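Reading through the structure tokens given below for one structure.
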Amino acid sequence: AQSVTQLDSQVPVFEEAPVELRCNYSSSVSVYLFWYVQYPNQGLQLLLKYLSGSTLVKGINGFEAEFNKSQTSFHLRKPSVHISDTAEYFCAVIDMYSGGGADGLTFGKGTHLIIQP
Amino acid sequence: NAGVTQTPKFQVLKTGQSMTLQCAQDMNHNSMYWYRQDPGMGLRLIYYSASEGTTDKGEVPNGYNVSRLNKREFSLRLESAAPSQTSVYFCASADGRGVEQYFGPGTRLTVT
């Protein structure tokens with residue numbers, strides 16, 4: 001089984017400042033990694049994913065994440081945030097071999113990104 | 001192309017009442033999922049369906065039943081609602097091995 005730890009439940013950042021949202025995972029098998037964003041009162045939208053290849057992946061809205069296998073981390077970054085980035089961000093993993101079987105996606109508890117003007 | 005749709009958007013139930021949450025997808029996906037989201041808990045898998053006619057329990061199945069009516073539709077039923085089932089419920093669908101999942105807008109359920 002996998003587990004995901006998002007180290008910060010809430011991250012306040014000033015507008016146009018850089019941000020990093022931290023995600024660490026534990027798994028006995030290889031995993032695929034995802035970041036989802038949830039805007040207020042909406043469903044989840046895929047921000048980016050790591051399946052294979054380059055460890056630096058770029059997503060929508062200027063976000064990127066780096067997969068670090070030795071540190072079992074998949075931190076999300078943006079060089080300059082905008083007020084519209086205020087949302088809940090979820091890191092998630094899935095077993096590379098069984099895919100979306102009985103475990104589905106394993107989610108972290110979420111990080112609330114608060115952009116201050 | 002609506003993606004994943006869920007009805008209703010909001011529901012208030014009294015303890016002991018029953019209801020069915022509906023989910024439909026128009027992406028011709030084989031796999032469908034039901035998750036619940038609770039504050040500070042992330043999302044947890046209730047049930048999933050790998051294909052029409054098959055369903056399996058996830059992490060938190062107690063108190064729920066599901067039906068995969070056809071390839072498009074996957075419903076979640078609460079037979080006797082309890083306050084502990086107050087949550088936001090999300091349906092998702094995925095193609096292939098279920099790696100990349102697409103989520104519906106959610107149903108906010110309150111049980112009093």
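Following the order of the structure tokens, first chain is A, next is B, and so on, with residues numbered from 1 inside each chain and ligands from 1 in the order they appear.
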
Extract the full set of strand (DSSP E) residues from chain A according to DSSP on the backbone, and format it as a PyMOL selection string. chain A and resi 3-5+10-14+19-21+24-26+31-38+44-50+56-58+64-68+73-78+87-95+106-107+111-116

Return the single residue from A:Leu56, A:Leu44, A:Val11, A:Ala92 that is closest to Gly104 (chain B), with distances computed using only C-alpha atoms. A:Leu44

Excluding Thr5 (chain A) and its own-chain neighbours fewer than 3 positions away, which residues fall within 7 Å of it when counting only C-alpha atoms? Please give them as a PyMOL selection string. chain A and resi 23-25+108

How about saving the chosen residues, C-alpha atoms kept, as a compact mmCIF listing (two decimals), in the first residue's frame?
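Output (result_10.txt):
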```
# COMPACT_ATOMS: atom_id res chain seq x y z
CA CYS A 23 4.74 16.09 -1.18
CA ASN A 24 6.44 12.92 0.01
CA TYR A 25 5.22 9.40 -0.60
CA GLY A 108 -2.51 13.34 0.52
```

Determine the nearest neighbour of Ala87 (chain A) from the options A:Arg22, A:His112, A:Lys49, A:Lys58, counting only C-alpha atoms. A:His112

What are the closest atom pairs, with distances in Å to one decimal, for all residues of chain B lying within 6 Å of chain A? Consider only C-alpha atoms, order rows by chain and residue number, and present the result as JSON lines.
```
{"residue": "B:Gly40", "atom": "CA", "partner": "A:Lys109", "partner_atom": "CA", "distance": 5.4}
{"residue": "B:Met41", "atom": "CA", "partner": "A:Lys109", "partner_atom": "CA", "distance": 4.8}
{"residue": "B:Gly42", "atom": "CA", "partner": "A:Lys109", "partner_atom": "CA", "distance": 3.9}
{"residue": "B:Leu43", "atom": "CA", "partner": "A:Phe107", "partner_atom": "CA", "distance": 5.9}
{"residue": "B:Gly58", "atom": "CA", "partner": "A:Ala102", "partner_atom": "CA", "distance": 5.6}
{"residue": "B:Arg97", "atom": "CA", "partner": "A:Gly99", "partner_atom": "CA", "distance": 5.1}
{"residue": "B:Gly98", "atom": "CA", "partner": "A:Gly100", "partner_atom": "CA", "distance": 4.2}
{"residue": "B:Val99", "atom": "CA", "partner": "A:Gly99", "partner_atom": "CA", "distance": 5.4}
{"residue": "B:Phe103", "atom": "CA", "partner": "A:Leu44", "partner_atom": "CA", "distance": 5.8}
{"residue": "B:Gly104", "atom": "CA", "partner": "A:Gly43", "partner_atom": "CA", "distance": 5.8}
{"residue": "B:Pro105", "atom": "CA", "partner": "A:Gly43", "partner_atom": "CA", "distance": 4.1}
{"residue": "B:Gly106", "atom": "CA", "partner": "A:Gly43", "partner_atom": "CA", "distance": 5.9}
```

Give me the residues within 7 Å of Val66 (chain B) as number ranges by chain, counting only C-alpha atoms and dropping any in the same chain fewer than 4 places off. B: 75-77

Write out as a list in words each polymer residue whose atoms come within 9 Å of Glu66 (chain A), counting only C-alpha atoms; drop sequence neighbours fewer than 2 positions from it.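 Contacts, with the query itself left out: Tyr50, Ser54, Thr55, Leu56, Val57, Lys58, Glu64, Asn68, Ser73, Phe74, His75, Leu76 and Arg77 of chain A.
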
Write a file of the just-selected residues containing all heavy atoms, as an mmCIF file, in the first residue's frame.
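Output saved as out-v7.cif:
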```cif
data_model
loop_
_atom_site.group_PDB
_atom_site.id
_atom_site.type_symbol
_atom_site.label_atom_id
_atom_site.label_comp_id
_atom_site.auth_asym_id
_atom_site.auth_seq_id
_atom_site.Cartn_x
_atom_site.Cartn_y
_atom_site.Cartn_z
ATOM 1 N N TYR A 50 3.445 12.612 -13.388
ATOM 2 C CA TYR A 50 4.703 11.964 -13.730
ATOM 3 C C TYR A 50 4.416 10.484 -13.955
ATOM 4 O O TYR A 50 3.995 9.776 -13.041
ATOM 5 C CB TYR A 50 5.766 12.137 -12.644
ATOM 6 C CG TYR A 50 6.992 11.328 -12.950
ATOM 7 C CD1 TYR A 50 7.911 11.757 -13.904
ATOM 8 C CD2 TYR A 50 7.218 10.093 -12.339
ATOM 9 C CE1 TYR A 50 9.012 10.988 -14.228
ATOM 10 C CE2 TYR A 50 8.316 9.325 -12.656
ATOM 11 C CZ TYR A 50 9.210 9.772 -13.595
ATOM 12 O OH TYR A 50 10.291 9.001 -13.927
ATOM 13 N N SER A 54 11.490 12.327 -18.191
ATOM 14 C CA SER A 54 12.107 13.436 -17.482
ATOM 15 C C SER A 54 11.488 13.606 -16.106
ATOM 16 O O SER A 54 10.262 13.576 -15.945
ATOM 17 C CB SER A 54 11.945 14.726 -18.277
ATOM 18 O OG SER A 54 12.381 15.832 -17.509
ATOM 19 N N THR A 55 12.336 13.827 -15.129
ATOM 20 C CA THR A 55 11.829 13.947 -13.750
ATOM 21 C C THR A 55 11.217 15.318 -13.489
ATOM 22 O O THR A 55 10.551 15.510 -12.471
ATOM 23 C CB THR A 55 12.953 13.699 -12.742
ATOM 24 O OG1 THR A 55 14.024 14.607 -13.006
ATOM 25 C CG2 THR A 55 13.460 12.269 -12.835
ATOM 26 N N LEU A 56 11.440 16.280 -14.379
ATOM 27 C CA LEU A 56 10.818 17.591 -14.251
ATOM 28 C C LEU A 56 9.615 17.628 -15.190
ATOM 29 O O LEU A 56 9.766 17.508 -16.400
ATOM 30 C CB LEU A 56 11.811 18.701 -14.609
ATOM 31 C CG LEU A 56 11.279 20.131 -14.483
ATOM 32 C CD1 LEU A 56 10.953 20.452 -13.022
ATOM 33 C CD2 LEU A 56 12.299 21.136 -15.016
ATOM 34 N N VAL A 57 8.441 17.775 -14.627
ATOM 35 C CA VAL A 57 7.233 17.782 -15.449
ATOM 36 C C VAL A 57 6.539 19.126 -15.345
ATOM 37 O O VAL A 57 6.498 19.740 -14.276
ATOM 38 C CB VAL A 57 6.246 16.652 -15.045
ATOM 39 C CG1 VAL A 57 6.824 15.309 -15.377
ATOM 40 C CG2 VAL A 57 5.901 16.718 -13.578
ATOM 41 N N LYS A 58 6.031 19.568 -16.470
ATOM 42 C CA LYS A 58 5.332 20.853 -16.504
ATOM 43 C C LYS A 58 3.843 20.612 -16.651
ATOM 44 O O LYS A 58 3.412 19.679 -17.342
ATOM 45 C CB LYS A 58 5.860 21.695 -17.662
ATOM 46 C CG LYS A 58 7.326 22.104 -17.469
ATOM 47 C CD LYS A 58 7.771 23.108 -18.486
ATOM 48 C CE LYS A 58 9.256 23.431 -18.330
ATOM 49 N NZ LYS A 58 9.556 24.039 -17.019
ATOM 50 N N GLU A 64 4.980 23.412 -12.163
ATOM 51 C CA GLU A 64 5.866 22.316 -12.503
ATOM 52 C C GLU A 64 6.166 21.516 -11.237
ATOM 53 O O GLU A 64 5.971 22.016 -10.119
ATOM 54 C CB GLU A 64 7.161 22.792 -13.151
ATOM 55 C CG GLU A 64 8.016 23.659 -12.262
ATOM 56 C CD GLU A 64 9.272 24.128 -12.975
ATOM 57 O OE1 GLU A 64 9.252 24.343 -14.202
ATOM 58 O OE2 GLU A 64 10.297 24.279 -12.286
ATOM 59 N N ASN A 68 11.722 13.105 -7.356
ATOM 60 C CA ASN A 68 13.011 12.729 -6.801
ATOM 61 C C ASN A 68 12.855 11.354 -6.169
ATOM 62 O O ASN A 68 12.314 11.223 -5.069
ATOM 63 C CB ASN A 68 13.466 13.761 -5.760
ATOM 64 C CG ASN A 68 14.880 13.510 -5.291
ATOM 65 O OD1 ASN A 68 15.278 12.368 -5.060
ATOM 66 N ND2 ASN A 68 15.650 14.571 -5.151
ATOM 67 N N SER A 73 10.043 12.126 -3.232
ATOM 68 C CA SER A 73 9.318 13.390 -3.171
ATOM 69 C C SER A 73 8.832 13.795 -4.550
ATOM 70 O O SER A 73 9.363 13.354 -5.588
ATOM 71 C CB SER A 73 10.209 14.500 -2.594
ATOM 72 O OG SER A 73 11.263 14.807 -3.483
ATOM 73 N N PHE A 74 7.814 14.635 -4.556
ATOM 74 C CA PHE A 74 7.239 15.162 -5.802
ATOM 75 C C PHE A 74 6.695 16.538 -5.475
ATOM 76 O O PHE A 74 5.504 16.774 -5.419
ATOM 77 C CB PHE A 74 6.147 14.215 -6.312
ATOM 78 C CG PHE A 74 5.653 14.500 -7.703
ATOM 79 C CD1 PHE A 74 6.527 14.584 -8.776
ATOM 80 C CD2 PHE A 74 4.299 14.640 -7.958
ATOM 81 C CE1 PHE A 74 6.067 14.822 -10.059
ATOM 82 C CE2 PHE A 74 3.823 14.875 -9.248
ATOM 83 C CZ PHE A 74 4.713 14.970 -10.293
ATOM 84 N N HIS A 75 7.602 17.502 -5.276
ATOM 85 C CA HIS A 75 7.209 18.845 -4.849
ATOM 86 C C HIS A 75 6.703 19.668 -6.030
ATOM 87 O O HIS A 75 7.259 19.604 -7.132
ATOM 88 C CB HIS A 75 8.390 19.564 -4.187
ATOM 89 C CG HIS A 75 8.910 18.864 -2.969
ATOM 90 N ND1 HIS A 75 8.136 18.073 -2.160
ATOM 91 C CD2 HIS A 75 10.169 18.854 -2.423
ATOM 92 C CE1 HIS A 75 8.861 17.592 -1.168
ATOM 93 N NE2 HIS A 75 10.100 18.046 -1.307
ATOM 94 N N LEU A 76 5.700 20.473 -5.768
ATOM 95 C CA LEU A 76 5.073 21.325 -6.779
ATOM 96 C C LEU A 76 5.598 22.750 -6.634
ATOM 97 O O LEU A 76 5.688 23.266 -5.512
ATOM 98 C CB LEU A 76 3.550 21.305 -6.588
ATOM 99 C CG LEU A 76 2.704 22.120 -7.560
ATOM 100 C CD1 LEU A 76 2.715 21.485 -8.954
ATOM 101 C CD2 LEU A 76 1.273 22.232 -7.054
ATOM 102 N N ARG A 77 5.909 23.396 -7.756
ATOM 103 C CA ARG A 77 6.464 24.749 -7.704
ATOM 104 C C ARG A 77 5.798 25.648 -8.740
ATOM 105 O O ARG A 77 5.328 25.189 -9.783
ATOM 106 C CB ARG A 77 7.968 24.729 -7.984
ATOM 107 C CG ARG A 77 8.780 23.888 -7.032
ATOM 108 C CD ARG A 77 10.265 24.063 -7.293
ATOM 109 N NE ARG A 77 11.029 23.120 -6.490
ATOM 110 C CZ ARG A 77 11.559 21.992 -6.946
ATOM 111 N NH1 ARG A 77 11.425 21.675 -8.210
ATOM 112 N NH2 ARG A 77 12.219 21.197 -6.141
#
```

Would you pick out the contacts of region 84-88 of chain B at 6 Å or less, using only C-alpha atoms, so that residues sharing its chain but fewer than 3 positions from it are not included, and give the list as a PyMOL selection string? chain B and resi 36-38+107-111

How about saving the chosen residues, C-alpha atoms kept, as a compact mmCIF listing (two decimals), in the first residue's frame?
```txt
# COMPACT_ATOMS: atom_id res chain seq x y z
CA ARG B 36 -15.51 10.76 -0.40
CA GLN B 37 -13.75 13.93 0.72
CA ASP B 38 -13.70 14.96 4.35
CA THR B 107 -22.22 16.05 -4.46
CA ARG B 108 -22.29 17.78 -1.08
CA LEU B 109 -24.30 15.57 1.31
CA THR B 110 -25.37 16.53 4.81
CA VAL B 111 -26.98 13.98 7.14
```

Pick from B:Tyr47, B:Glu79, B:Lys14, B:Val4: nearest to Tyr33 (chain B), with only C-alpha atoms counted? B:Tyr47

Return the single residue from B:Ala50, B:Leu45, B:Ala82, B:Ala2 that is closest to Asp26 (chain B), with distances computed using only C-alpha atoms. B:Ala2

Coordinates-based distance that separates CA of Val31 (chain A) from CA of Thr54 (chain B) (Å, one decimal):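 CA of Val31 (chain A) lies 24.8 Å from CA of Thr54 (chain B).
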
Taking into account only C-alpha atoms, which residue in the set B:Gly3, B:Pro83, B:Gly53, B:Pro39 is nearest to Leu69 (chain B)?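 Between B:Gly3, B:Pro83, B:Gly53, B:Pro39, the residue approaching Leu69 (chain B) most closely is B:Gly53.
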
To one decimal in Å, tell me the separation between CA of Ile115 (chain A) and CA of Val13 (chain A). 5.1 Å

Report the distance between CA of Ser67 (chain B) and CA of Ser31 (chain B) in Å, rounded to one decimal place. 12.9 Å

Name all residues at most 8 Å from Ile60 (chain A) (count only C-alpha atoms; drop same-chain ones fewer than 2 positions away) and give them as number ranges by chain. A: 47-48, 58, 62-63

So that I have them on file, write out the residues from the current selection with all heavy atoms, as a PDB file, in the first residue's frame.
```pdb
ATOM      1  N   LEU A  47      -3.500  18.781 -12.583  1.00  0.00           N
ATOM      2  CA  LEU A  47      -2.532  19.863 -12.794  1.00  0.00           C
ATOM      3  C   LEU A  47      -1.331  19.343 -13.588  1.00  0.00           C
ATOM      4  O   LEU A  47      -0.883  19.970 -14.544  1.00  0.00           O
ATOM      5  CB  LEU A  47      -2.073  20.359 -11.419  1.00  0.00           C
ATOM      6  CG  LEU A  47      -1.546  21.762 -11.228  1.00  0.00           C
ATOM      7  CD1 LEU A  47      -2.508  22.788 -11.777  1.00  0.00           C
ATOM      8  CD2 LEU A  47      -1.297  22.012  -9.745  1.00  0.00           C
ATOM      9  N   LEU A  48      -0.810  18.205 -13.181  1.00  0.00           N
ATOM     10  CA  LEU A  48       0.303  17.576 -13.888  1.00  0.00           C
ATOM     11  C   LEU A  48       0.479  16.147 -13.386  1.00  0.00           C
ATOM     12  O   LEU A  48      -0.095  15.767 -12.373  1.00  0.00           O
ATOM     13  CB  LEU A  48       1.600  18.379 -13.721  1.00  0.00           C
ATOM     14  CG  LEU A  48       2.025  18.796 -12.322  1.00  0.00           C
ATOM     15  CD1 LEU A  48       2.632  17.666 -11.530  1.00  0.00           C
ATOM     16  CD2 LEU A  48       3.030  19.964 -12.381  1.00  0.00           C
ATOM     17  N   LYS A  58       6.031  19.568 -16.470  1.00  0.00           N
ATOM     18  CA  LYS A  58       5.332  20.853 -16.504  1.00  0.00           C
ATOM     19  C   LYS A  58       3.843  20.612 -16.651  1.00  0.00           C
ATOM     20  O   LYS A  58       3.412  19.679 -17.342  1.00  0.00           O
ATOM     21  CB  LYS A  58       5.860  21.695 -17.662  1.00  0.00           C
ATOM     22  CG  LYS A  58       7.326  22.104 -17.469  1.00  0.00           C
ATOM     23  CD  LYS A  58       7.771  23.108 -18.486  1.00  0.00           C
ATOM     24  CE  LYS A  58       9.256  23.431 -18.330  1.00  0.00           C
ATOM     25  NZ  LYS A  58       9.556  24.039 -17.019  1.00  0.00           N
ATOM     26  N   GLY A  62       1.275  27.251 -15.444  1.00  0.00           N
ATOM     27  CA  GLY A  62       2.630  27.613 -15.057  1.00  0.00           C
ATOM     28  C   GLY A  62       3.232  26.791 -13.930  1.00  0.00           C
ATOM     29  O   GLY A  62       4.317  27.099 -13.437  1.00  0.00           O
ATOM     30  N   PHE A  63       2.556  25.749 -13.485  1.00  0.00           N
ATOM     31  CA  PHE A  63       3.084  24.889 -12.420  1.00  0.00           C
ATOM     32  C   PHE A  63       4.031  23.831 -12.986  1.00  0.00           C
ATOM     33  O   PHE A  63       3.895  23.411 -14.126  1.00  0.00           O
ATOM     34  CB  PHE A  63       1.944  24.189 -11.671  1.00  0.00           C
ATOM     35  CG  PHE A  63       1.224  25.080 -10.707  1.00  0.00           C
ATOM     36  CD1 PHE A  63       0.090  25.774 -11.093  1.00  0.00           C
ATOM     37  CD2 PHE A  63       1.676  25.218  -9.408  1.00  0.00           C
ATOM     38  CE1 PHE A  63      -0.579  26.599 -10.200  1.00  0.00           C
ATOM     39  CE2 PHE A  63       1.013  26.037  -8.499  1.00  0.00           C
ATOM     40  CZ  PHE A  63      -0.118  26.731  -8.896  1.00  0.00           C
TER      41      PHE A  63
END
```
